[in-house]
$ cat model-v9.txt   # compact mmCIF, C-alpha atoms
# COMPACT_ATOMS: atom_id res chain seq x y z
CA MET A 1 0.00 0.00 0.00
CA VAL A 2 2.77 2.45 0.92
CA GLU A 3 4.53 1.81 -2.38
CA SER A 4 1.39 2.78 -4.28
CA ILE A 5 0.74 6.06 -2.44
CA ASN A 6 0.66 9.12 -4.67
CA GLU A 7 -0.72 12.66 -4.78
CA ASP A 8 -4.16 11.36 -5.83
CA ASN A 9 -4.74 8.68 -3.17
CA TYR A 10 -2.70 10.45 -0.46
CA ILE A 11 -5.67 11.20 1.83
CA GLU A 12 -7.05 7.66 1.92
CA VAL A 13 -3.69 5.93 2.37
CA SER A 14 -2.31 8.43 4.88
CA LEU A 15 -5.44 8.10 7.06
CA TYR A 16 -5.01 4.32 7.07
CA LEU A 17 -1.31 4.63 7.94
CA ASP A 18 -2.05 7.16 10.67
CA LYS A 19 -4.47 4.75 12.36
CA ALA A 20 -2.00 1.87 12.01
CA LYS A 21 0.77 4.01 13.49
CA LYS A 22 -1.41 4.96 16.48
CA ILE A 23 -2.13 1.30 17.19
CA ALA A 24 1.59 0.50 16.98
CA LEU A 25 2.36 3.35 19.38
CA LEU A 26 -0.40 2.28 21.75
CA TYR A 27 1.06 -1.23 22.07
CA LYS A 28 4.69 -0.08 21.73
CA LEU A 29 5.29 -2.29 18.71
CA LYS A 30 8.66 -2.21 16.94
CA GLU A 31 6.82 -1.37 13.70
CA VAL A 32 6.73 2.23 14.94
CA TYR A 33 10.28 2.60 13.60
CA LYS A 34 9.11 1.55 10.14
CA PHE A 35 6.40 4.20 10.19
CA GLN A 36 8.94 6.84 11.20
CA LYS A 37 11.08 5.97 8.19
CA LEU A 38 8.09 6.69 5.96
CA ASP A 39 7.73 10.26 7.20
CA SER A 40 9.97 11.88 4.58
CA LYS A 41 8.12 10.16 1.71
CA LEU A 42 4.76 11.17 3.14
CA ILE A 43 5.94 14.77 3.53
CA ASP A 44 6.92 14.99 -0.14
CA ILE A 45 3.63 13.48 -1.29
CA SER A 46 1.69 15.74 1.10
CA ASN A 47 3.29 18.81 -0.47
CA SER A 48 2.53 17.51 -3.96
CA TYR A 49 -1.07 16.79 -2.96
CA PHE A 50 -1.57 20.30 -1.60
CA GLU A 51 -0.10 21.92 -4.69
CA LYS A 52 -2.18 19.77 -7.05
CA HIS A 53 -5.48 20.05 -5.23
CA GLY A 54 -5.12 23.54 -3.79
CA HIS A 55 -7.36 25.06 -6.45
CA LYS A 56 -10.00 22.37 -6.68
CA PHE A 57 -11.12 20.17 -3.80
CA GLU A 58 -13.75 17.67 -4.87
CA THR A 59 -16.37 16.14 -2.63
CA GLU A 60 -19.55 16.80 -4.60
CA PRO A 61 -17.45 18.27 -6.42
CA ILE A 62 -16.66 21.80 -5.22
CA ASP A 63 -14.90 24.14 -7.64
CA LEU A 64 -13.05 26.50 -5.32
CA GLN A 65 -11.91 28.77 -8.12
CA LYS A 66 -15.52 29.38 -9.12
CA ALA A 67 -16.42 29.95 -5.48
CA VAL A 68 -13.75 32.67 -5.33
CA VAL A 69 -15.15 34.39 -8.42
CA ASP A 70 -18.66 34.28 -6.93
CA LEU A 71 -17.31 35.68 -3.67
CA LYS A 72 -15.60 38.59 -5.45
CA ASP A 73 -18.73 39.36 -7.47
CA GLY A 74 -21.00 39.24 -4.43
CA LYS A 75 -22.88 42.45 -3.60
CA ASN A 76 -23.06 42.02 0.17
CA PRO A 77 -20.88 44.15 2.47
CA SER A 78 -17.56 42.52 3.33
CA ILE A 79 -18.56 41.79 6.92
CA ILE A 80 -21.40 39.58 5.60
CA LYS A 81 -19.59 38.31 2.51
CA PHE A 82 -16.71 36.77 4.47
CA LEU A 83 -18.98 35.15 7.02
CA GLU A 84 -19.42 32.34 4.51
CA PHE A 85 -15.98 31.04 5.52
CA THR A 86 -17.41 29.91 8.85
CA HIS A 87 -21.15 30.61 9.10
CA THR A 88 -24.49 29.97 7.44
CA PHE A 89 -27.62 32.10 7.61
CA ASP A 90 -30.54 30.54 9.51
CA ARG A 91 -33.71 31.98 7.98
CA GLU A 92 -35.92 30.89 10.84
CA SER A 93 -33.99 32.75 13.53
CA LYS A 94 -32.60 35.36 11.10
CA LEU A 95 -29.16 34.78 12.58
CA PHE A 96 -25.79 33.74 11.19
CA LYS A 97 -24.72 30.53 12.91
CA PRO A 98 -21.35 28.73 12.83
CA ILE A 99 -21.33 25.76 10.45
CA TYR A 100 -19.60 23.75 13.19
CA ASN A 101 -22.66 23.91 15.44
CA LYS A 102 -24.41 21.40 13.19
CA ILE A 103 -21.35 19.18 12.73
CA MET A 104 -20.64 18.92 16.44
CA THR A 105 -24.24 18.12 17.38
CA GLU A 106 -24.76 15.32 14.88
CA PRO A 107 -25.89 12.09 16.60
CA LYS A 108 -23.70 9.02 16.57
CA ALA A 109 -23.59 6.99 13.38
CA THR A 110 -23.20 3.22 13.11
CA PHE A 111 -19.53 3.86 12.41
CA ASP A 112 -19.15 5.34 15.92
CA HIS A 113 -20.16 2.12 17.65
CA ILE A 114 -17.17 0.27 16.26
CA ASN A 115 -14.22 -0.04 18.63
CA HIS A 116 -11.64 2.34 17.17
CA ILE A 117 -8.46 0.99 18.74
CA GLY A 118 -5.77 3.59 19.33
CA ILE A 119 -7.88 6.54 18.08
CA PRO A 120 -8.56 9.14 20.82
CA GLU A 121 -12.27 9.90 21.23
CA ASP A 122 -14.91 10.67 23.85
CA GLU A 123 -18.65 11.33 24.02
CA TYR A 124 -18.23 14.70 22.27
CA PHE A 125 -15.32 14.10 19.92
CA TYR A 126 -16.39 10.80 18.43
CA PRO A 127 -15.13 9.47 15.08
CA SER A 128 -17.92 10.57 12.71
CA ARG A 129 -17.86 14.12 14.08
CA LEU A 130 -14.08 14.26 13.84
CA THR A 131 -14.22 12.97 10.26
CA ASN A 132 -16.71 15.68 9.26
CA LEU A 133 -14.81 18.32 11.22
CA GLY A 134 -11.61 17.40 9.41
CA MET A 135 -13.33 17.45 6.02
CA TYR A 136 -14.91 20.87 6.57
CA PHE A 137 -11.69 22.37 7.91
CA ASP A 138 -9.82 21.01 4.88
CA ILE A 139 -12.38 22.42 2.44
CA TYR A 140 -12.55 25.87 4.01
CA THR A 141 -8.82 26.25 4.57
CA LYS A 142 -8.23 25.37 0.92
CA TYR A 143 -10.96 27.85 -0.02
CA LEU A 144 -9.25 30.50 2.09
CA PHE A 145 -5.91 29.67 0.46
CA VAL A 146 -7.34 30.21 -3.03
CA CYS A 147 -8.86 33.51 -1.85
CA PHE A 148 -5.50 34.63 -0.46
CA LYS A 149 -3.84 33.90 -3.80
CA ASP A 150 -6.06 36.59 -5.34
CA GLU A 151 -4.34 39.85 -4.36
CA ASP A 152 -7.47 42.04 -4.46
CA LEU A 153 -9.51 39.56 -2.47
CA ARG A 154 -6.67 39.12 0.01
CA ASP A 155 -6.61 42.88 0.61
CA ASP A 156 -10.39 42.87 1.17
CA ILE A 157 -10.10 40.01 3.66
CA VAL A 158 -7.32 41.72 5.61
CA SER A 159 -9.25 45.01 5.62
CA ASN A 160 -12.49 43.35 6.76
CA TYR A 161 -10.93 41.75 9.82
CA TYR A 162 -8.94 44.91 10.54
CA ASN A 163 -12.28 46.72 10.80
CA ILE A 164 -13.68 44.10 13.16
CA LEU A 165 -10.56 44.31 15.35
CA SER A 166 -10.84 48.12 15.24
CA ASN A 167 -14.29 47.86 16.81
CA LEU A 168 -12.74 45.85 19.64
CA VAL A 169 -10.20 48.65 20.13
CA LYS A 170 -13.09 51.12 20.45
CA GLU A 171 -14.65 48.81 23.03
CA ASP A 172 -11.35 48.88 24.94
CA ILE A 173 -10.84 45.13 24.51
CA LEU A 174 -7.78 45.41 22.26
CA SER A 175 -5.16 48.11 21.79
CA GLU A 176 -3.83 50.04 18.80
CA GLU A 177 -0.66 47.96 19.12
CA ASP A 178 -2.77 44.82 18.61
CA LEU A 179 -4.07 46.31 15.35
CA GLU A 180 -0.54 47.05 14.19
CA GLU A 181 0.52 43.51 15.10
CA TYR A 182 -2.35 42.10 13.04
CA LEU A 183 -1.30 44.14 10.00
CA GLY A 184 2.31 43.09 10.49
CA ILE A 185 1.33 39.42 10.49
CA CYS A 186 -0.79 39.92 7.36
CA ASN A 187 2.07 41.68 5.57
CA VAL A 188 4.47 38.83 6.28
CA PHE A 189 1.79 36.32 5.26
CA SER A 190 1.22 38.19 1.99
CA SER A 191 4.95 38.17 1.27
CA LEU A 192 5.06 34.44 1.90
CA LEU A 193 2.33 33.87 -0.69
CA THR A 194 4.46 35.54 -3.37
CA ILE A 195 7.35 33.08 -2.94
CA ASP A 196 7.03 30.37 -5.58
CA GLU A 197 10.32 28.57 -5.06
CA GLU A 198 10.24 25.90 -2.37
CA GLY A 199 13.19 25.99 -0.02
CA ASN A 200 14.40 26.66 3.50
CA VAL A 201 13.58 30.38 3.36
CA LYS A 202 9.94 29.69 2.51
CA LYS A 203 9.72 26.93 5.12
CA SER A 204 11.21 29.22 7.79
CA LEU A 205 8.76 31.99 6.95
CA THR A 206 5.91 29.49 6.97
CA TYR A 207 6.92 28.25 10.40
CA GLY A 208 7.35 31.77 11.74
CA VAL A 209 4.04 33.11 10.42
CA SER A 210 2.17 30.09 11.79
CA MET A 211 3.57 30.73 15.27
CA LEU A 212 2.79 34.46 15.08
CA ILE A 213 -0.85 33.77 14.22
CA VAL A 214 -1.23 31.24 17.04
CA VAL A 215 0.33 33.69 19.51
CA TYR A 216 -2.08 36.36 18.29
CA ILE A 217 -5.07 34.07 18.82
CA GLU A 218 -3.93 33.35 22.36
CA LYS A 219 -3.35 37.05 23.10
CA PHE A 220 -6.75 37.88 21.63
CA LEU A 221 -8.51 35.38 23.91
CA ARG A 222 -6.56 36.52 26.99
CA LYS A 223 -7.56 40.12 26.39
CA TYR A 224 -11.17 39.21 25.73
CA PHE A 225 -11.28 37.10 28.88
CA THR A 226 -9.73 39.95 30.89
CA HIS A 227 -12.32 42.37 29.49
CA LEU A 228 -15.12 40.10 30.68
CA HIS A 229 -13.72 40.32 34.22
CA THR A 230 -12.78 44.00 34.45
CA LYS A 231 -15.84 44.74 36.59
CA GLU A 232 -15.07 41.88 38.94
CA THR A 233 -11.99 40.77 40.84
CA TYR A 234 -8.50 40.86 39.32
CA ILE A 235 -7.50 37.75 37.38
CA ASN A 236 -3.91 36.92 36.53
CA VAL A 237 -4.73 35.86 32.99
CA SER A 238 -1.09 35.06 32.22
CA ARG A 239 -1.55 31.84 34.19
CA TYR A 240 -4.26 30.67 31.80
CA THR A 241 -3.19 28.35 29.01
CA LEU A 242 -4.97 28.46 25.65
CA ASN A 243 -6.68 25.22 26.56
CA MET A 244 -7.92 26.68 29.85
CA LEU A 245 -9.23 29.80 28.11
CA MET A 246 -11.22 27.78 25.57
CA ASN A 247 -12.90 25.93 28.44
CA GLU A 248 -13.84 29.01 30.47
CA GLN A 249 -17.60 29.46 30.61
CA GLU A 250 -17.31 33.20 29.88
CA ILE A 251 -15.41 32.48 26.66
CA GLN A 252 -17.92 29.83 25.63
CA ASN A 253 -20.77 32.25 26.34
CA VAL A 254 -19.25 34.71 23.83
CA PHE A 255 -17.97 32.37 21.12
CA GLY A 256 -20.29 29.43 21.65
CA GLU A 257 -19.61 25.99 23.09
CA HIS A 258 -19.02 24.31 19.74
CA VAL A 259 -16.71 26.94 18.25
CA SER A 260 -14.71 26.91 21.50
CA LYS A 261 -14.39 23.13 21.46
CA VAL A 262 -13.54 23.01 17.75
CA LEU A 263 -10.71 25.50 18.30
CA GLU A 264 -9.60 23.60 21.39
CA TYR A 265 -9.33 20.50 19.21
CA GLN A 266 -7.45 22.27 16.41
CA LEU A 267 -4.97 24.19 18.54
CA THR A 268 -4.49 22.07 21.67
CA LYS A 269 -5.34 18.72 23.20
CA LYS A 270 -8.36 18.29 25.40
CA ARG A 271 -7.18 18.30 29.00
CA ALA A 272 -6.11 14.92 30.40
CA THR A 273 -6.66 13.24 27.02
CA ASP A 274 -4.85 12.68 23.73
CA ILE A 275 -7.74 14.25 21.78
CA GLY A 276 -6.73 17.16 19.55
CA LEU A 277 -4.37 18.19 16.77
CA ASN A 278 -2.33 20.29 19.23
CA LEU A 279 -1.10 22.72 16.53
CA ARG A 280 -0.20 25.38 19.09
CA ASN A 281 2.16 23.25 21.15
CA ASN A 282 3.51 21.38 18.14
CA LEU A 283 4.58 24.70 16.62
CA MET A 284 5.84 26.32 19.81
CA HIS A 285 7.78 23.32 21.08
CA ASN A 286 8.71 21.74 17.75
CA ILE A 287 6.78 18.58 18.64
CA GLU A 288 5.61 16.16 15.96
CA ILE A 289 6.47 18.69 13.24
CA ASP A 290 9.31 18.05 10.83
CA PHE A 291 10.84 21.19 9.29
CA ARG A 292 10.61 19.51 5.88
CA SER A 293 6.85 19.19 6.33
CA MET A 294 6.27 22.93 6.60
CA ASN A 295 4.03 24.19 3.82
CA ILE A 296 1.54 26.99 3.29
CA GLY A 297 -1.20 24.82 4.76
CA TYR A 298 -0.04 25.55 8.34
CA PRO A 299 -0.46 29.35 8.39
CA VAL A 300 -3.65 29.17 6.32
CA ARG A 301 -5.17 26.72 8.81
CA VAL A 302 -4.34 28.76 11.91
CA PHE A 303 -5.42 32.00 10.17
CA TYR A 304 -8.72 30.27 9.49
CA CYS A 305 -8.97 29.60 13.25
CA LEU A 306 -8.54 33.35 13.85
CA ILE A 307 -11.21 34.12 11.23
CA LEU A 308 -13.60 31.71 12.97
CA LEU A 309 -13.24 33.72 16.19
CA LEU A 310 -13.55 37.09 14.47
CA ASN A 311 -16.60 36.03 12.47
CA VAL A 312 -18.39 35.17 15.71
CA ILE A 313 -17.66 38.74 16.82
CA ALA A 314 -18.81 40.05 13.43
CA THR A 315 -22.26 38.51 13.87
CA LYS A 316 -22.80 40.73 16.90
CA TYR A 317 -22.55 43.83 14.68
CA ILE A 318 -25.03 42.62 12.05
CA LYS A 319 -28.73 43.45 12.23
CA ILE A 320 -31.01 41.69 9.74
CA ASP A 321 -34.08 43.60 8.57
CA ASP A 322 -37.28 41.63 9.13
CA LYS A 323 -38.64 42.71 5.74
$ encode --input "model-v9.txt" --output "structure tokens"
Amino acid sequence: MVESINEDNYIEVSLYLDKAKKIALLYKLKEVYKFQKLDSKLIDISNSYFEKHGHKFETEPIDLQKAVVDLKDGKNPSIIKFLEFTHTFDRESKLFKPIYNKIMTEPKATFDHINHIGIPEDEYFYPSRLTNLGMYFDIYTKYLFVCFKDEDLRDDIVSNYYNILSNLVKEDILSEEDLEEYLGICNVFSSLLTIDEEGNVKKSLTYGVSMLIVVYIEKFLRKYFTHLHTKETYINVSRYTLNMLMNEQEIQNVFGEHVSKVLEYQLTKKRATDIGLNLRNNLMHNIEIDFRSMNIGYPVRVFYCLILLLNVIATKYIKIDDK
């Protein structure tokens, strides 16, 4: 099977290998060493897969390039236009709701009653939900990547979220320095997107930008959490990890239980479990990330996490006419 892996069947084969590797690790089998030797080959094929399928990801199928054109031609204000990255409009309630609310409340499927040896799960993060969560994150991060490749659309995206962050400055949640930091990150990100040649410089920038975005997300949540407590007792928010912040009731009241848990899964591991992609710690502590594996997918994915948070905030500024 490994010998036949290529850029077209990469997803299916790599998922199988990942499960097999987890079982080997669980039982401390010597085959773990064989899986480790495959990492470099998988990295190369992963990069090829991303380059080949970055403009068209097919499930039904979905033509991402056409979706970008439709997005650019849309007549809605930017704050509503870019909500489609993370939200859908519920006509009954006349509210924009995160797409992940539906995914993370789906009942168990037959598939979930199978004993998935070596695959971390619990009563919330069970296999069918994680499969759908992974699929949607892959689709929308690829969609975001194609949008970023369009310079005009990229400028509109950066400007839209700058405006949302500016409102938080006016509300005394963030500072002017936080706005400048956001623009600085976006400028470096934009520069990265113009580098066509693969090499150590691009990989280093990719690694650096990914970490900067994750740090910004953590700072954003710390400041929001502090703001929620300014009328109460003093809280030393520096003692709060990102995982702790995502589990605070006040944060979940603002961003929603399901968005909070989805971001917890993407950026950390659920406390006292092995559930989660742990992107934050993997980047910060160089855990389970090979330098050779760094590609544009990392910063796009964590920027999408930031957009998910900011779009929740955006919905609070939108009033839908009943007419």
$ atom_distance --input "model-v9.txt" --atom1 "CA of Lys142 (chain A)" --atom2 "CA of Lys270 (chain A)"
25.5 Å
$ atom_distance --input "model-v9.txt" --atom1 "CA of Leu277 (chain A)" --atom2 "CA of Tyr265 (chain A)"
6.0 Å
$ residues_near_point --input "model-v9.txt" --point "(0.3, 41.1, 15.5)" --cutoff "10 Å" --atoms "all atoms listed in the file" --output "VMD selection string"
chain A and resid 177 to 186 212 to 213 215 to 217 219 to 220
$ atom_distance --input "model-v9.txt" --atom1 "CA of Tyr298 (chain A)" --atom2 "CA of Ile173 (chain A)"
27.6 Å
$ residues_around --input "model-v9.txt" --residues "Arg222 (chain A)" --least-positions-apart "4" --cutoff "9 Å" --atoms "all atoms listed in the file" --output "list in words"
Ile217, Glu218, Thr226, His227, Val237, Ser238, Tyr240, Leu242 and Leu245 of chain A
$ residues_near_point --input "model-v9.txt" --point "(-17.0, 32.1, 23.4)" --cutoff "12 Å" --atoms "all atoms listed in the file" --output "count of residues only"
33
$ residues_around --input "model-v9.txt" --residues "region 156-162 of chain A" --least-positions-apart "5" --cutoff "10 Å" --atoms "all atoms listed in the file" --output "PyMOL selection string"
chain A and resi 72+77-82+144+147-148+151+167-168+179-180+182-183+186-187+190+306-307+310-311+314
$ write_last_selection --input "model-v9.txt" --atoms "C-alpha atoms" --output "PDB file, keeping the file's coordinate frame"
ATOM      1  CA  LYS A  72     -15.600  38.590  -5.450  1.00  0.00           C
ATOM      2  CA  PRO A  77     -20.880  44.150   2.470  1.00  0.00           C
ATOM      3  CA  SER A  78     -17.560  42.520   3.330  1.00  0.00           C
ATOM      4  CA  ILE A  79     -18.560  41.790   6.920  1.00  0.00           C
ATOM      5  CA  ILE A  80     -21.400  39.580   5.600  1.00  0.00           C
ATOM      6  CA  LYS A  81     -19.590  38.310   2.510  1.00  0.00           C
ATOM      7  CA  PHE A  82     -16.710  36.770   4.470  1.00  0.00           C
ATOM      8  CA  LEU A 144      -9.250  30.500   2.090  1.00  0.00           C
ATOM      9  CA  CYS A 147      -8.860  33.510  -1.850  1.00  0.00           C
ATOM     10  CA  PHE A 148      -5.500  34.630  -0.460  1.00  0.00           C
ATOM     11  CA  GLU A 151      -4.340  39.850  -4.360  1.00  0.00           C
ATOM     12  CA  ASN A 167     -14.290  47.860  16.810  1.00  0.00           C
ATOM     13  CA  LEU A 168     -12.740  45.850  19.640  1.00  0.00           C
ATOM     14  CA  LEU A 179      -4.070  46.310  15.350  1.00  0.00           C
ATOM     15  CA  GLU A 180      -0.540  47.050  14.190  1.00  0.00           C
ATOM     16  CA  TYR A 182      -2.350  42.100  13.040  1.00  0.00           C
ATOM     17  CA  LEU A 183      -1.300  44.140  10.000  1.00  0.00           C
ATOM     18  CA  CYS A 186      -0.790  39.920   7.360  1.00  0.00           C
ATOM     19  CA  ASN A 187       2.070  41.680   5.570  1.00  0.00           C
ATOM     20  CA  SER A 190       1.220  38.190   1.990  1.00  0.00           C
ATOM     21  CA  LEU A 306      -8.540  33.350  13.850  1.00  0.00           C
ATOM     22  CA  ILE A 307     -11.210  34.120  11.230  1.00  0.00           C
ATOM     23  CA  LEU A 310     -13.550  37.090  14.470  1.00  0.00           C
ATOM     24  CA  ASN A 311     -16.600  36.030  12.470  1.00  0.00           C
ATOM     25  CA  ALA A 314     -18.810  40.050  13.430  1.00  0.00           C
TER      26      ALA A 314
END
$ closest_residue --input "model-v9.txt" --among "A:Glu92, A:Asp290, A:Asp172, A:Asp196" --to "Lys149 (chain A)" --atoms "all atoms listed in the file"
A:Asp196
$ closest_residue --input "model-v9.txt" --among "A:Ile139, A:Glu176, A:Ile296, A:Leu153" --to "Leu205 (chain A)" --atoms "only C-alpha atoms"
A:Ile296
$ closest_residue --input "model-v9.txt" --among "A:Asp150, A:Asp155, A:Glu171, A:Glu123" --to "Gln65 (chain A)" --atoms "only C-alpha atoms"
A:Asp150
$ build_atoms --input "model-v9.txt" --residues "region 228-245 of chain A" --atoms "N, CA and C atoms" --output "PDB file, in the coordinates of the input"
ATOM      1  N   LEU A 228     -13.899  40.632  30.077  1.00  0.00           N
ATOM      2  CA  LEU A 228     -15.120  40.100  30.680  1.00  0.00           C
ATOM      3  C   LEU A 228     -15.082  40.146  32.194  1.00  0.00           C
ATOM      4  N   HIS A 229     -13.869  40.326  32.749  1.00  0.00           N
ATOM      5  CA  HIS A 229     -13.720  40.320  34.220  1.00  0.00           C
ATOM      6  C   HIS A 229     -13.323  41.676  34.783  1.00  0.00           C
ATOM      7  N   THR A 230     -13.275  42.705  33.952  1.00  0.00           N
ATOM      8  CA  THR A 230     -12.780  44.000  34.450  1.00  0.00           C
ATOM      9  C   THR A 230     -13.667  44.595  35.544  1.00  0.00           C
ATOM     10  N   LYS A 231     -14.939  44.220  35.570  1.00  0.00           N
ATOM     11  CA  LYS A 231     -15.840  44.740  36.590  1.00  0.00           C
ATOM     12  C   LYS A 231     -15.892  43.842  37.808  1.00  0.00           C
ATOM     13  N   GLU A 232     -15.091  42.802  37.799  1.00  0.00           N
ATOM     14  CA  GLU A 232     -15.070  41.880  38.940  1.00  0.00           C
ATOM     15  C   GLU A 232     -13.681  41.912  39.577  1.00  0.00           C
ATOM     16  N   THR A 233     -13.293  40.823  40.177  1.00  0.00           N
ATOM     17  CA  THR A 233     -11.990  40.770  40.840  1.00  0.00           C
ATOM     18  C   THR A 233     -10.879  40.616  39.801  1.00  0.00           C
ATOM     19  N   TYR A 234      -9.662  40.969  40.211  1.00  0.00           N
ATOM     20  CA  TYR A 234      -8.500  40.860  39.320  1.00  0.00           C
ATOM     21  C   TYR A 234      -8.176  39.389  39.047  1.00  0.00           C
ATOM     22  N   ILE A 235      -7.883  39.101  37.780  1.00  0.00           N
ATOM     23  CA  ILE A 235      -7.500  37.750  37.380  1.00  0.00           C
ATOM     24  C   ILE A 235      -6.149  37.809  36.697  1.00  0.00           C
ATOM     25  N   ASN A 236      -5.218  37.000  37.167  1.00  0.00           N
ATOM     26  CA  ASN A 236      -3.910  36.920  36.530  1.00  0.00           C
ATOM     27  C   ASN A 236      -4.025  36.020  35.313  1.00  0.00           C
ATOM     28  N   VAL A 237      -4.411  36.638  34.189  1.00  0.00           N
ATOM     29  CA  VAL A 237      -4.730  35.860  32.990  1.00  0.00           C
ATOM     30  C   VAL A 237      -3.502  35.199  32.387  1.00  0.00           C
ATOM     31  N   SER A 238      -2.309  35.660  32.761  1.00  0.00           N
ATOM     32  CA  SER A 238      -1.090  35.060  32.220  1.00  0.00           C
ATOM     33  C   SER A 238      -0.931  33.611  32.652  1.00  0.00           C
ATOM     34  N   ARG A 239      -1.626  33.223  33.716  1.00  0.00           N
ATOM     35  CA  ARG A 239      -1.550  31.840  34.190  1.00  0.00           C
ATOM     36  C   ARG A 239      -2.470  30.907  33.408  1.00  0.00           C
ATOM     37  N   TYR A 240      -3.297  31.479  32.561  1.00  0.00           N
ATOM     38  CA  TYR A 240      -4.260  30.670  31.800  1.00  0.00           C
ATOM     39  C   TYR A 240      -3.635  30.196  30.499  1.00  0.00           C
ATOM     40  N   THR A 241      -3.646  28.889  30.287  1.00  0.00           N
ATOM     41  CA  THR A 241      -3.190  28.350  29.010  1.00  0.00           C
ATOM     42  C   THR A 241      -4.300  28.538  27.979  1.00  0.00           C
ATOM     43  N   LEU A 242      -3.965  28.358  26.713  1.00  0.00           N
ATOM     44  CA  LEU A 242      -4.970  28.460  25.650  1.00  0.00           C
ATOM     45  C   LEU A 242      -6.076  27.444  25.875  1.00  0.00           C
ATOM     46  N   ASN A 243      -5.697  26.256  26.292  1.00  0.00           N
ATOM     47  CA  ASN A 243      -6.680  25.220  26.560  1.00  0.00           C
ATOM     48  C   ASN A 243      -7.632  25.635  27.675  1.00  0.00           C
ATOM     49  N   MET A 244      -7.091  26.226  28.737  1.00  0.00           N
ATOM     50  CA  MET A 244      -7.920  26.680  29.850  1.00  0.00           C
ATOM     51  C   MET A 244      -8.889  27.775  29.405  1.00  0.00           C
ATOM     52  N   LEU A 245      -8.385  28.705  28.580  1.00  0.00           N
ATOM     53  CA  LEU A 245      -9.230  29.800  28.110  1.00  0.00           C
ATOM     54  C   LEU A 245     -10.412  29.284  27.303  1.00  0.00           C
TER      55      LEU A 245
END
